[in-house]
file run_22.cif (mmCIF, C-alpha atoms)
data_my_file
loop_
_atom_site.label_atom_id
_atom_site.label_comp_id
_atom_site.auth_asym_id
_atom_site.auth_seq_id
_atom_site.Cartn_x
_atom_site.Cartn_y
_atom_site.Cartn_z
CA MET T 1 1.96 -15.96 -22.70
CA ALA T 2 3.25 -13.96 -25.62
CA THR T 3 0.89 -11.50 -27.22
CA LYS T 4 0.44 -12.37 -30.86
CA VAL T 5 0.38 -9.82 -33.65
CA ASP T 6 -0.64 -11.04 -37.08
CA ALA T 7 0.90 -8.69 -39.64
CA ARG T 8 0.91 -11.08 -42.57
CA GLY T 9 0.16 -9.51 -45.92
CA ARG T 10 0.29 -5.93 -44.62
CA SER T 11 1.82 -3.11 -46.65
CA CYS T 12 4.77 -1.10 -45.34
CA PRO T 13 4.98 0.22 -42.66
CA GLU T 14 2.01 -1.49 -41.04
CA PRO T 15 3.89 -4.52 -39.61
CA VAL T 16 6.43 -2.36 -37.81
CA LEU T 17 3.75 0.11 -36.74
CA MET T 18 1.61 -2.71 -35.31
CA THR T 19 4.68 -3.94 -33.41
CA LYS T 20 5.37 -0.42 -32.14
CA GLN T 21 1.78 0.02 -30.97
CA ALA T 22 1.83 -3.38 -29.27
CA ILE T 23 4.99 -2.43 -27.39
CA GLU T 24 3.59 0.97 -26.47
CA SER T 25 0.47 -0.63 -25.02
CA GLY T 26 2.72 -2.30 -22.48
CA ASN T 27 3.50 -5.67 -24.03
CA VAL T 28 7.00 -6.93 -23.28
CA ASP T 29 6.58 -10.42 -24.70
CA LEU T 30 5.45 -10.46 -28.32
CA GLU T 31 5.15 -12.86 -31.22
CA VAL T 32 4.78 -11.07 -34.52
CA ILE T 33 3.96 -13.01 -37.66
CA VAL T 34 4.92 -11.59 -41.04
CA ASP T 35 5.43 -13.01 -44.52
CA THR T 36 8.01 -10.80 -46.20
CA GLU T 37 11.71 -10.26 -45.61
CA VAL T 38 11.13 -6.51 -45.67
CA ALA T 39 8.70 -6.64 -42.77
CA LYS T 40 11.07 -8.93 -40.85
CA ASP T 41 14.07 -6.65 -41.39
CA ASN T 42 12.08 -3.52 -40.49
CA ILE T 43 10.74 -5.02 -37.27
CA ILE T 44 14.14 -6.37 -36.21
CA ARG T 45 15.75 -2.96 -36.82
CA PHE T 46 12.99 -1.21 -34.91
CA VAL T 47 12.91 -3.44 -31.82
CA LYS T 48 16.70 -3.62 -31.58
CA ASN T 49 16.82 0.17 -31.58
CA LYS T 50 14.28 0.06 -28.75
CA GLY T 51 16.56 -2.29 -26.82
CA PHE T 52 14.48 -5.45 -27.19
CA LYS T 53 15.81 -8.93 -27.80
CA VAL T 54 14.54 -10.64 -30.92
CA ASN T 55 14.88 -13.98 -32.64
CA TYR T 56 12.85 -15.56 -35.39
CA GLU T 57 11.81 -18.79 -37.06
CA GLU T 58 10.87 -19.20 -40.70
CA ASN T 59 8.48 -21.86 -41.93
CA ASN T 60 5.94 -22.21 -44.74
CA ASN T 61 6.71 -18.74 -46.06
CA GLU T 62 5.86 -17.29 -42.65
CA ILE T 63 8.26 -15.62 -40.29
CA HIS T 64 7.56 -15.70 -36.56
CA LEU T 65 9.44 -13.03 -34.63
CA PHE T 66 9.79 -13.46 -30.89
CA ILE T 67 10.36 -10.15 -29.17
CA ARG T 68 11.24 -9.80 -25.49
CA SER T 69 12.46 -7.03 -23.28
CA VAL T 70 16.03 -7.65 -22.16
CA MET A 17 26.04 -3.72 -43.66
CA TYR A 18 22.46 -2.77 -44.62
CA LYS A 19 23.18 0.87 -43.98
CA LYS A 20 26.26 0.87 -46.18
CA PHE A 21 24.40 -0.94 -48.95
CA ILE A 22 21.50 1.50 -49.11
CA ILE A 23 23.93 4.43 -49.21
CA LEU A 24 25.91 2.72 -51.98
CA ALA A 25 22.64 2.00 -53.84
CA GLY A 26 21.60 5.64 -53.50
CA LEU A 27 24.97 6.90 -54.76
CA ILE A 28 24.80 4.63 -57.83
CA VAL A 29 21.18 5.64 -58.57
CA GLY A 30 22.21 9.29 -58.28
CA ILE A 31 25.18 8.91 -60.65
CA LEU A 32 23.16 6.84 -63.15
CA GLY A 33 20.50 9.56 -63.21
CA VAL A 34 23.06 12.19 -64.21
CA LEU A 35 24.73 9.89 -66.77
CA LEU A 36 21.39 9.00 -68.41
CA VAL A 37 20.76 12.72 -68.96
CA LYS A 38 24.23 13.07 -70.51
CA LEU A 39 23.42 10.14 -72.81
CA GLY A 40 20.14 11.60 -74.02
CA ASN A 41 17.40 11.50 -71.38
CA PRO A 42 15.51 14.78 -70.73
CA PRO A 43 17.20 17.26 -68.34
CA ASN A 44 16.88 16.55 -64.61
CA MET A 45 15.03 13.41 -65.70
CA GLY A 46 17.63 10.67 -65.64
CA VAL A 47 14.83 8.64 -64.21
CA CYS A 48 11.31 9.84 -63.51
CA VAL A 49 9.10 6.92 -62.73
CA ALA A 50 5.88 8.91 -63.16
CA CYS A 51 6.98 10.65 -66.39
CA PHE A 52 8.23 7.37 -67.81
CA TYR A 53 4.91 5.60 -67.18
CA ARG A 54 3.28 8.62 -68.84
CA ASP A 55 5.55 8.10 -71.87
CA ILE A 56 4.68 4.40 -71.98
CA ALA A 57 0.96 5.26 -71.80
CA GLY A 58 1.51 7.54 -74.81
CA ALA A 59 3.47 4.93 -76.76
CA LEU A 60 0.59 2.50 -76.26
CA GLY A 61 -1.89 5.05 -77.60
CA LEU A 62 -3.64 5.63 -74.27
CA HIS A 63 -3.09 9.36 -74.78
CA LYS A 64 -2.24 11.38 -77.86
CA ALA A 65 0.27 13.92 -76.52
CA ALA A 66 2.78 13.51 -79.36
CA VAL A 67 5.74 14.88 -77.37
CA VAL A 68 5.62 12.29 -74.57
CA GLN A 69 5.43 8.89 -76.23
CA TYR A 70 8.18 6.33 -75.72
CA ILE A 71 8.49 2.89 -74.17
CA ARG A 72 11.05 3.69 -71.49
CA PRO A 73 13.45 0.75 -71.11
CA GLU A 74 14.40 2.00 -67.62
CA ILE A 75 10.93 1.06 -66.34
CA LEU A 76 11.14 -2.37 -68.00
CA GLY A 77 14.54 -2.77 -66.31
CA PHE A 78 13.07 -1.93 -62.89
CA ILE A 79 10.35 -4.55 -63.31
CA LEU A 80 12.68 -7.22 -64.70
CA GLY A 81 15.58 -6.33 -62.39
CA GLY A 82 13.24 -6.51 -59.39
CA PHE A 83 11.81 -9.79 -60.66
CA ILE A 84 15.18 -11.48 -61.33
CA THR A 85 16.70 -10.26 -58.05
CA ALA A 86 13.68 -11.35 -56.02
CA PHE A 87 13.80 -14.72 -57.75
CA ILE A 88 17.50 -15.24 -56.98
CA PHE A 89 17.12 -14.19 -53.35
CA LYS A 90 13.96 -16.27 -52.92
CA GLU A 91 11.77 -13.24 -52.34
CA PHE A 92 9.59 -13.75 -55.41
CA LYS A 93 6.20 -14.22 -53.76
CA PRO A 94 3.06 -13.82 -55.87
CA ARG A 95 0.51 -12.13 -53.64
CA GLY A 96 -2.45 -9.79 -53.84
CA GLY A 97 -5.98 -9.02 -52.82
CA SER A 98 -5.40 -5.96 -50.64
CA SER A 99 -8.05 -3.54 -51.92
CA PRO A 100 -6.92 -3.66 -55.56
CA PHE A 101 -9.43 -1.14 -56.88
CA LEU A 102 -8.69 1.41 -54.15
CA ARG A 103 -5.00 0.98 -54.99
CA PHE A 104 -5.81 1.61 -58.65
CA ILE A 105 -7.57 4.87 -57.69
CA LEU A 106 -4.71 5.91 -55.39
CA GLY A 107 -2.23 5.17 -58.17
CA PHE A 108 -4.34 7.24 -60.56
CA PHE A 109 -4.21 10.31 -58.30
CA VAL A 110 -0.56 9.88 -57.34
CA MET A 111 0.12 10.17 -61.07
CA VAL A 112 -2.13 13.24 -61.44
CA GLY A 113 -0.30 14.93 -58.54
CA ALA A 114 3.10 14.00 -59.96
CA LEU A 115 2.22 15.31 -63.44
CA VAL A 116 1.01 18.61 -61.98
CA PHE A 117 4.37 18.96 -60.21
CA LEU A 118 6.15 17.42 -63.23
CA GLY A 119 7.94 14.54 -61.59
CA CYS A 120 7.71 11.60 -59.26
CA PRO A 121 9.49 11.75 -55.88
CA LEU A 122 12.65 10.40 -57.53
CA ARG A 123 12.69 13.12 -60.20
CA MET A 124 12.04 15.61 -57.42
CA VAL A 125 15.39 14.57 -55.94
CA TYR A 126 17.10 14.90 -59.35
CA ARG A 127 15.48 18.30 -59.81
CA LEU A 128 16.76 19.39 -56.38
CA ALA A 129 20.22 18.17 -57.37
CA GLY A 130 20.02 20.18 -60.61
CA GLY A 131 19.35 23.36 -58.63
CA ASP A 132 15.63 23.57 -59.49
CA LEU A 133 14.31 25.40 -56.42
CA ASN A 134 10.69 24.71 -57.45
CA ALA A 135 11.47 21.19 -56.29
CA VAL A 136 12.11 22.57 -52.78
CA VAL A 137 8.49 23.76 -52.79
CA GLY A 138 7.48 20.33 -54.10
CA LEU A 139 9.50 18.67 -51.33
CA LEU A 140 7.68 20.72 -48.69
CA GLY A 141 4.33 19.61 -50.12
CA PHE A 142 5.60 16.03 -50.26
CA ILE A 143 6.59 16.14 -46.57
CA VAL A 144 3.21 17.59 -45.58
CA GLY A 145 1.45 14.88 -47.63
CA ILE A 146 3.49 12.19 -45.89
CA TYR A 147 2.78 13.76 -42.50
CA ILE A 148 -0.97 13.63 -43.20
CA GLY A 149 -0.63 10.03 -44.40
CA ILE A 150 1.10 9.12 -41.14
CA GLN A 151 -1.85 10.49 -39.17
CA PHE A 152 -4.06 8.03 -41.05
CA LEU A 153 -1.61 5.19 -40.35
CA LYS A 154 -1.57 6.07 -36.64
CA LYS A 155 -5.36 5.92 -36.63
CA GLY A 156 -5.10 2.39 -37.97
CA PHE A 157 -5.34 2.98 -41.71
CA THR A 158 -4.95 -0.19 -43.74
CA LEU A 159 -6.00 -1.38 -47.16
CA GLY A 160 -6.28 -4.85 -45.64
CA ARG A 161 -3.93 -7.77 -45.96
CA SER A 162 -2.81 -9.49 -49.14
CA TYR A 163 -2.80 -13.23 -49.60
CA PRO A 164 -0.47 -15.60 -51.43
CA GLN A 165 -1.53 -16.13 -55.04
CA LYS A 166 -0.78 -18.53 -57.85
CA ASN A 167 2.52 -17.98 -59.64
CA ALA A 168 0.90 -16.70 -62.84
CA ASN A 169 -0.11 -13.55 -60.94
CA GLY A 170 3.54 -12.75 -60.37
CA TYR A 171 4.75 -13.68 -63.86
CA ALA A 172 2.17 -11.60 -65.75
CA LEU A 173 3.81 -8.18 -65.40
CA PRO A 174 7.40 -9.32 -66.13
CA ILE A 175 6.06 -11.05 -69.28
CA ILE A 176 4.36 -7.81 -70.33
CA ALA A 177 7.67 -6.01 -69.69
CA ILE A 178 9.47 -8.44 -72.02
CA LEU A 179 6.80 -7.86 -74.68
CA LEU A 180 7.24 -4.09 -74.37
CA LEU A 181 11.00 -4.55 -74.60
CA ILE A 182 10.51 -6.36 -77.92
CA PHE A 183 8.33 -3.44 -79.09
CA VAL A 184 10.98 -0.86 -78.25
CA LEU A 185 13.57 -2.89 -80.14
CA ILE A 186 11.58 -3.60 -83.33
CA LYS A 187 9.44 -0.44 -83.22
CA PRO A 188 6.21 -1.76 -84.75
CA ALA A 189 3.98 0.83 -86.50
CA PHE A 190 1.20 0.59 -83.88
CA ILE A 191 3.50 1.86 -81.11
CA ALA A 192 3.91 5.66 -81.05
CA PHE A 193 7.38 7.12 -80.63
CA SER A 194 7.78 10.89 -80.15
CA GLU A 195 9.75 12.68 -82.85
CA LYS A 196 10.28 15.79 -80.75
CA GLY A 197 9.88 16.89 -77.14
CA PRO A 198 10.85 14.97 -73.98
CA GLY A 199 9.58 11.69 -75.45
CA ALA A 200 12.17 11.93 -78.22
CA MET A 201 14.98 12.50 -75.75
CA HIS A 202 16.42 9.25 -74.60
CA ALA A 203 19.64 7.38 -73.98
CA PRO A 204 20.38 4.36 -76.24
CA VAL A 205 17.93 1.53 -75.51
CA ILE A 206 20.57 -0.89 -74.28
CA ILE A 207 22.02 1.64 -71.83
CA SER A 208 18.59 2.60 -70.52
CA LEU A 209 17.74 -1.06 -70.04
CA ALA A 210 21.04 -1.82 -68.32
CA ALA A 211 20.61 1.17 -66.00
CA GLY A 212 17.07 0.01 -65.25
CA LEU A 213 18.23 -3.51 -64.43
CA ILE A 214 20.98 -2.19 -62.14
CA VAL A 215 18.57 0.12 -60.33
CA GLY A 216 16.04 -2.73 -60.19
CA TYR A 217 18.61 -4.91 -58.44
CA LEU A 218 19.77 -2.17 -56.06
CA ALA A 219 16.24 -1.04 -55.19
CA GLN A 220 15.05 -4.59 -54.58
CA ARG A 221 17.92 -5.38 -52.23
CA SER A 222 18.02 -2.03 -50.43
CA ARG A 223 14.21 -1.45 -50.39
CA LEU A 224 14.93 2.11 -51.55
CA CYS A 225 11.78 4.22 -51.29
CA MET A 226 11.45 7.98 -51.44
CA VAL A 227 8.21 8.07 -49.47
CA GLY A 228 9.44 5.47 -46.99
CA GLY A 229 12.52 7.56 -46.23
CA ILE A 230 10.64 10.59 -44.95
CA ARG A 231 7.82 8.51 -43.48
CA ASP A 232 10.16 6.42 -41.33
CA VAL A 233 11.94 9.50 -39.99
CA LEU A 234 8.66 11.15 -38.98
CA LEU A 235 6.93 8.01 -37.75
CA LEU A 236 9.70 5.84 -36.30
CA LYS A 237 12.73 8.15 -36.01
CA ASP A 238 14.38 5.62 -38.30
CA PHE A 239 16.95 7.16 -40.65
CA HIS A 240 17.70 4.01 -42.62
CA LEU A 241 15.68 4.58 -45.81
CA ILE A 242 16.26 8.32 -45.91
CA SER A 243 20.00 7.72 -46.10
CA GLY A 244 19.39 6.30 -49.60
CA PHE A 245 17.32 9.36 -50.50
CA VAL A 246 20.11 11.69 -49.34
CA ALA A 247 22.77 9.60 -51.13
CA ILE A 248 20.90 9.97 -54.45
CA PHE A 249 20.78 13.72 -53.94
CA ILE A 250 24.46 14.06 -53.05
CA ALA A 251 25.70 11.87 -55.94
CA ALA A 252 23.46 13.64 -58.47
CA LEU A 253 24.45 17.06 -57.10
CA ILE A 254 28.17 16.29 -57.44
CA GLY A 255 27.57 14.82 -60.92
CA ASN A 256 25.64 17.92 -62.01
CA ILE A 257 28.35 20.24 -60.70
CA ILE A 258 31.05 18.26 -62.54
CA PHE A 259 29.07 18.29 -65.82
CA GLY A 260 28.12 21.94 -65.40
CA SER A 261 24.39 21.19 -65.25
CA PHE A 262 23.80 22.66 -61.78
CA ASN A 263 21.80 25.86 -62.28
CA PRO A 264 20.18 27.09 -59.07
CA GLY A 265 17.00 29.14 -59.39
CA PHE A 266 13.24 29.14 -59.82
CA ALA A 267 12.88 30.47 -63.37
CA ASP A 268 13.44 28.62 -66.64
CA GLN A 269 14.19 25.26 -65.07
CA PRO A 270 14.01 22.34 -67.53
CA ILE A 271 10.60 20.66 -67.82
CA ALA A 272 9.29 22.50 -64.77
CA HIS A 273 7.00 25.44 -63.93
CA ASN A 274 7.29 27.89 -61.09
CA ASN A 275 3.72 27.99 -59.81
CA GLY A 276 4.49 27.31 -56.14
CA VAL A 277 0.94 26.57 -54.99
CA TRP A 278 0.50 23.75 -57.47
CA ASN A 279 4.01 22.39 -57.09
CA PHE A 280 3.24 22.16 -53.38
CA LEU A 281 -0.24 20.65 -53.72
CA GLY A 282 0.73 18.29 -56.54
CA MET A 283 3.46 16.72 -54.44
CA LEU A 284 1.26 16.77 -51.34
CA LEU A 285 -1.23 14.61 -53.25
CA ALA A 286 1.53 12.32 -54.55
CA GLY A 287 3.09 11.97 -51.07
CA LEU A 288 -0.18 11.32 -49.27
CA GLY A 289 -1.38 8.82 -51.87
CA SER A 290 1.96 7.02 -51.80
CA VAL A 291 1.95 6.66 -48.00
CA LEU A 292 -1.48 5.05 -48.18
CA LEU A 293 -0.18 2.73 -50.93
CA GLY A 294 2.87 1.83 -48.83
CA GLY A 295 5.54 3.18 -51.17
CA CYS A 296 6.58 5.58 -53.92
CA PRO A 297 6.21 4.77 -57.65
CA LEU A 298 9.73 3.31 -57.79
CA ARG A 299 9.02 1.02 -54.84
CA GLN A 300 5.64 -0.03 -56.30
CA THR A 301 7.40 -0.97 -59.55
CA ILE A 302 9.94 -3.12 -57.70
CA LEU A 303 7.22 -4.76 -55.60
CA ALA A 304 5.28 -5.55 -58.78
CA GLY A 305 8.42 -7.27 -60.10
CA GLU A 306 8.56 -9.30 -56.85
CA GLY A 307 5.12 -10.69 -57.62
CA ASP A 308 2.90 -8.22 -55.76
CA SER A 309 -0.14 -8.00 -58.01
CA ASP A 310 -1.61 -5.17 -55.90
CA SER A 311 1.41 -3.11 -56.96
CA ALA A 312 0.86 -4.20 -60.56
CA ILE A 313 -2.71 -2.85 -60.30
CA THR A 314 -1.28 0.37 -58.82
CA ILE A 315 0.90 0.65 -61.94
CA MET A 316 -2.23 0.29 -64.09
CA GLY A 317 -3.60 3.21 -62.06
CA TYR A 318 -0.47 5.22 -62.91
CA LEU A 319 -0.88 4.45 -66.63
CA ILE A 320 -4.57 5.37 -66.74
CA GLY A 321 -3.95 8.42 -64.53
CA ALA A 322 -1.30 9.56 -67.02
CA ALA A 323 -3.67 8.92 -69.93
CA PHE A 324 -6.39 11.04 -68.28
CA ALA A 325 -3.85 13.73 -67.41
CA HIS A 326 -2.99 14.21 -71.08
CA ASN A 327 -6.36 13.43 -72.68
CA PHE A 328 -8.10 16.01 -70.47
CA SER A 329 -5.27 18.58 -70.25
CA LEU A 330 -4.63 18.08 -66.55
CA ALA A 331 -0.84 17.72 -66.75
CA ALA A 332 1.33 20.76 -66.20
CA SER A 333 3.86 22.00 -68.73
CA PRO A 334 6.65 24.57 -68.45
CA LYS A 335 3.90 27.13 -69.23
CA GLY A 336 2.10 26.27 -66.00
CA VAL A 337 -0.75 24.23 -64.59
CA PRO A 338 -4.01 24.15 -66.59
CA THR A 339 -7.25 24.84 -64.71
CA GLY A 340 -8.27 21.23 -65.28
CA GLY A 341 -5.13 20.08 -63.50
CA GLN A 342 -5.85 22.31 -60.51
CA VAL A 343 -9.39 20.94 -60.27
CA ALA A 344 -8.07 17.39 -60.63
CA VAL A 345 -5.63 17.86 -57.73
CA ILE A 346 -8.45 19.14 -55.50
CA ILE A 347 -10.67 16.23 -56.50
CA GLY A 348 -7.73 13.90 -55.91
CA LEU A 349 -7.19 15.26 -52.41
CA VAL A 350 -10.88 14.77 -51.58
CA VAL A 351 -10.84 11.21 -52.92
CA VAL A 352 -7.57 10.27 -51.20
CA PHE A 353 -8.78 11.72 -47.87
CA ALA A 354 -12.00 9.73 -48.26
CA ILE A 355 -10.00 6.54 -48.86
CA GLY A 356 -7.83 7.45 -45.86
CA PHE A 357 -10.82 7.82 -43.54
CA SER A 358 -12.48 4.68 -44.91
CA GLY A 359 -9.35 2.65 -44.11
CA CYS A 360 -9.35 3.72 -40.45
CA LEU A 361 -12.59 2.05 -39.49
CA VAL A 362 -10.79 -0.80 -37.75
CA PRO A 363 -8.08 -0.53 -35.10
CA ALA A 364 -4.55 -1.13 -36.40
CA PHE A 365 -3.45 -3.20 -33.48
CA LYS A 366 -5.70 -5.49 -31.52
CA ALA A 367 -3.72 -7.77 -29.28
CA GLN A 368 -4.48 -11.46 -29.39
CA LYS A 369 -3.90 -13.08 -26.03
CA SER A 370 -4.45 -16.56 -27.36
CA SER A 371 -2.28 -19.22 -28.86
CA SER A 372 -4.22 -19.52 -32.11
CA VAL A 373 -3.75 -16.92 -34.78
CA LYS A 374 -6.16 -16.73 -37.64
CA GLY A 375 -5.70 -14.71 -40.80
CA GLY A 376 -6.98 -11.17 -40.69
CA VAL A 377 -7.70 -11.14 -36.95
CA THR A 378 -6.44 -7.60 -36.79
CA GLY A 379 -9.15 -6.47 -39.16
CA GLY A 380 -9.15 -4.59 -42.37
CA ASN A 381 -10.57 -7.23 -44.66
#

call {"tool": "encode", "arguments": {"input": "run_22.cif", "output": "structure tokens"}}
result
Amino acid sequence: MATKVDARGRSCPEPVLMTKQAIESGNVDLEVIVDTEVAKDNIIRFVKNKGFKVNYEENNNEIHLFIRSV
Amino acid sequence: MYKKFIILAGLIVGILGVLLVKLGNPPNMGVCVACFYRDIAGALGLHKAAVVQYIRPEILGFILGGFITAFIFKEFKPRGGSSPFLRFILGFFVMVGALVFLGCPLRMVYRLAGGDLNAVVGLLGFIVGIYIGIQFLKKGFTLGRSYPQKNANGYALPIIAILLLIFVLIKPAFIAFSEKGPGAMHAPVIISLAAGLIVGYLAQRSRLCMVGGIRDVLLLKDFHLISGFVAIFIAALIGNIIFGSFNPGFADQPIAHNNGVWNFLGMLLAGLGSVLLGGCPLRQTILAGEGDSDSAITIMGYLIGAAFAHNFSLAASPKGVPTGGQVAVIIGLVVVFAIGFSGCLVPAFKAQKSSSVKGGVTGGN
């Protein structure tokens, strides 16, 4: 099951840092929840640079990012 | 696409900064977010330094440009509740640090581009401050999460900006306008406002942030935001060379002093405080326009910090840094470190191996 990271409402760069720390603690299957476009863009840029696959769904002002190792 | 846009945004911000100086703004101060809040604080009578009182339309443009752009792109999201009073205090001391250096991070870039080598010393302090801030972030520093709020929370600051815009146009007697000094130096209102709106749009779309640029390089090896920072510098440098306003050196730089220790420590305080806030004064202003009421409170901290800086002779001048300003920077560093340590009491990342996610599970509330 995907490890969930709730980064809603966090200031920059906490959402991407939380994602980074989750990846570094060995998680390869993540669901990160954020609520701003900035956090979404930052996380996508970061995980793509790390070679992860990412897609996302938006609903109710929340963005769910699904991050997997390729 | 994003990369090209942030570089384009940086180039335009750099050129506008040089042009605003040509059209009347103080030297190397096309835009200084900290100095301009200080001028607004003076215009509203919060301090009585007669030479720095003016309602800067650029700032109103940032707020309104950020607001309108966020609205159009559906990013206007009223939100708040992430340690507002601690943000106020951080904003207060970011302003004190900036006024001891004599410039916000953005003016630091313009000063660098004008050849003011004191800004190199400031930049070193800024980088060290950001590095310290990153250590707090790595230890899990957070001011806690914000929550969605009612729309009125997001409309309040743009409405105040419109009111201030009316004041700068009709100049009522109860608003103070400098007759000499930096506060009296300004581009025509309409040009300042237009430049502010353009920068507001560009900064909202590109997420331009001076602190974020260096922070992301050190923390994430991500060179995205810093490319905007570098673009501002290059455009302003070329503009200054063309207009003959590039004068390299330490001595006799416009609206600057050459006390290296306090240039360094002032920017260290501003950089550290801004990392803990999540962005530089420009970025906070744009976020406030987007409806972030925590950023609006941070701006109130800037205004009151500026008022204190001039009411109690803390702010530097070309003559140097008053003793009070030196003491205030030390106190600021102690306070900001204390806030940094207090925000690290919970782990930044605590994995949730369950299917239900509740608000604030990662702590910090």

call {"tool": "residues_around", "arguments": {"input": "run_22.cif", "residues": "stretch 151-155 of chain A", "least_positions_apart": "3", "cutoff": "9 Å", "atoms": "all atoms listed in the file", "output": "PyMOL selection string"}}
result
(chain T and resi 13-14+17+21) or (chain A and resi 146-148+158+235+291-292+356-357+359-364)

call {"tool": "interface_residues", "arguments": {"input": "run_22.cif", "of": "chain T", "to": "chain A", "cutoff": "10 Å", "atoms": "all atoms listed in the file", "output": "ChimeraX atom specification"}}
result
/T:1-22,25,27,30-31,33,35-38,41-42,45-46,49,61

call {"tool": "resolve_selection", "arguments": {"input": "run_22.cif", "expression": "the PyMOL selection byres ((chain A and resi 250-265) around 7)", "output": "list of chain:residue names"}}
result
A:Leu27, A:Gly30, A:Ile31, A:Gly33, A:Val34, A:Tyr126, A:Ala129, A:Gly130, A:Gly131, A:Asp132, A:Leu133, A:Val246, A:Ala247, A:Ile248, A:Phe249, A:Phe266, A:Ala267

call {"tool": "closest_residue", "arguments": {"input": "run_22.cif", "among": "A:Met124, A:Ile271, A:Leu118, A:Val47", "to": "A:His202", "atoms": "all atoms listed in the file"}}
result
A:Val47

call {"tool": "resolve_selection", "arguments": {"input": "run_22.cif", "expression": "the PyMOL selection byres ((chain A and resi 200) around 12)", "output": "PyMOL selection string"}}
result
chain A and resi 40-42+55+59+66-72+192-199+201-204

call {"tool": "resolve_selection", "arguments": {"input": "run_22.cif", "expression": "the PyMOL selection byres ((chain A and resi 301-315) around 7)", "output": "MDAnalysis selection string"}}
result
chainID A and resid 78:80 82:83 86 91:98 100 103:104 107 169:171 173:174 216 220 297:300 316:319

call {"tool": "atom_distance", "arguments": {"input": "run_22.cif", "atom1": "atom CA of A:Leu224", "atom2": "atom CA of T:Ile43"}}
result
16.5 Å

call {"tool": "atom_distance", "arguments": {"input": "run_22.cif", "atom1": "atom CA of T:Ser69", "atom2": "atom CA of T:Gly26"}}
result
10.9 Å

call {"tool": "atom_distance", "arguments": {"input": "run_22.cif", "atom1": "atom CA of A:Asn44", "atom2": "atom CA of A:Gly341"}}
result
22.3 Å

call {"tool": "residues_around", "arguments": {"input": "run_22.cif", "residues": "T:Tyr56", "least_positions_apart": "2", "cutoff": "7 Å", "atoms": "all atoms listed in the file", "output": "list in words"}}
result
Val54, Glu58, Ile63, His64, Leu65 and Phe66 of chain T

call {"tool": "residues_around", "arguments": {"input": "run_22.cif", "residues": "A:Phe183", "least_positions_apart": "2", "cutoff": "12 Å", "atoms": "all atoms listed in the file", "output": "list in words"}}
result
Ile56, Ala59, Leu60, Tyr70, Ile71, Arg72, Pro73, Leu76, Ile176, Ala177, Ile178, Leu179, Leu180, Leu181, Leu185, Ile186, Lys187, Pro188, Ala189, Phe190, Ile191, Ala192, Phe193 and Val205 of chain A

call {"tool": "decode", "arguments": {"input": "run_22.cif", "residues": "stretch 314-345 of chain A", "atoms": "C-alpha atoms", "output": "compact mmCIF listing (two decimals), in the first residue's frame"}}
result
# COMPACT_ATOMS: atom_id res chain seq x y z
CA THR A 314 3.87 38.80 7.86
CA ILE A 315 3.49 42.07 5.93
CA MET A 316 2.05 43.69 9.07
CA GLY A 317 5.22 42.47 10.80
CA TYR A 318 7.30 44.19 8.10
CA LEU A 319 5.38 47.46 8.57
CA ILE A 320 5.68 47.45 12.36
CA GLY A 321 9.32 46.32 12.14
CA ALA A 322 10.01 49.28 9.86
CA ALA A 323 8.18 51.62 12.24
CA PHE A 324 10.29 50.39 15.18
CA ALA A 325 13.45 50.62 13.08
CA HIS A 326 12.90 54.34 12.51
CA ASN A 327 11.19 55.28 15.79
CA PHE A 328 14.06 53.76 17.82
CA SER A 329 16.94 54.60 15.45
CA LEU A 330 17.70 51.00 14.53
CA ALA A 331 17.84 51.47 10.75
CA ALA A 332 21.18 52.05 9.09
CA SER A 333 21.93 55.09 6.94
CA PRO A 334 24.84 55.86 4.60
CA LYS A 335 26.61 57.07 7.78
CA GLY A 336 26.53 53.56 9.24
CA VAL A 337 24.64 51.33 11.63
CA PRO A 338 23.49 52.88 14.94
CA THR A 339 24.25 50.96 18.14
CA GLY A 340 20.53 50.34 18.57
CA GLY A 341 20.44 48.64 15.19
CA GLN A 342 23.35 46.38 16.11
CA VAL A 343 21.63 45.39 19.36
CA ALA A 344 18.36 44.82 17.48
CA VAL A 345 20.05 42.45 15.00
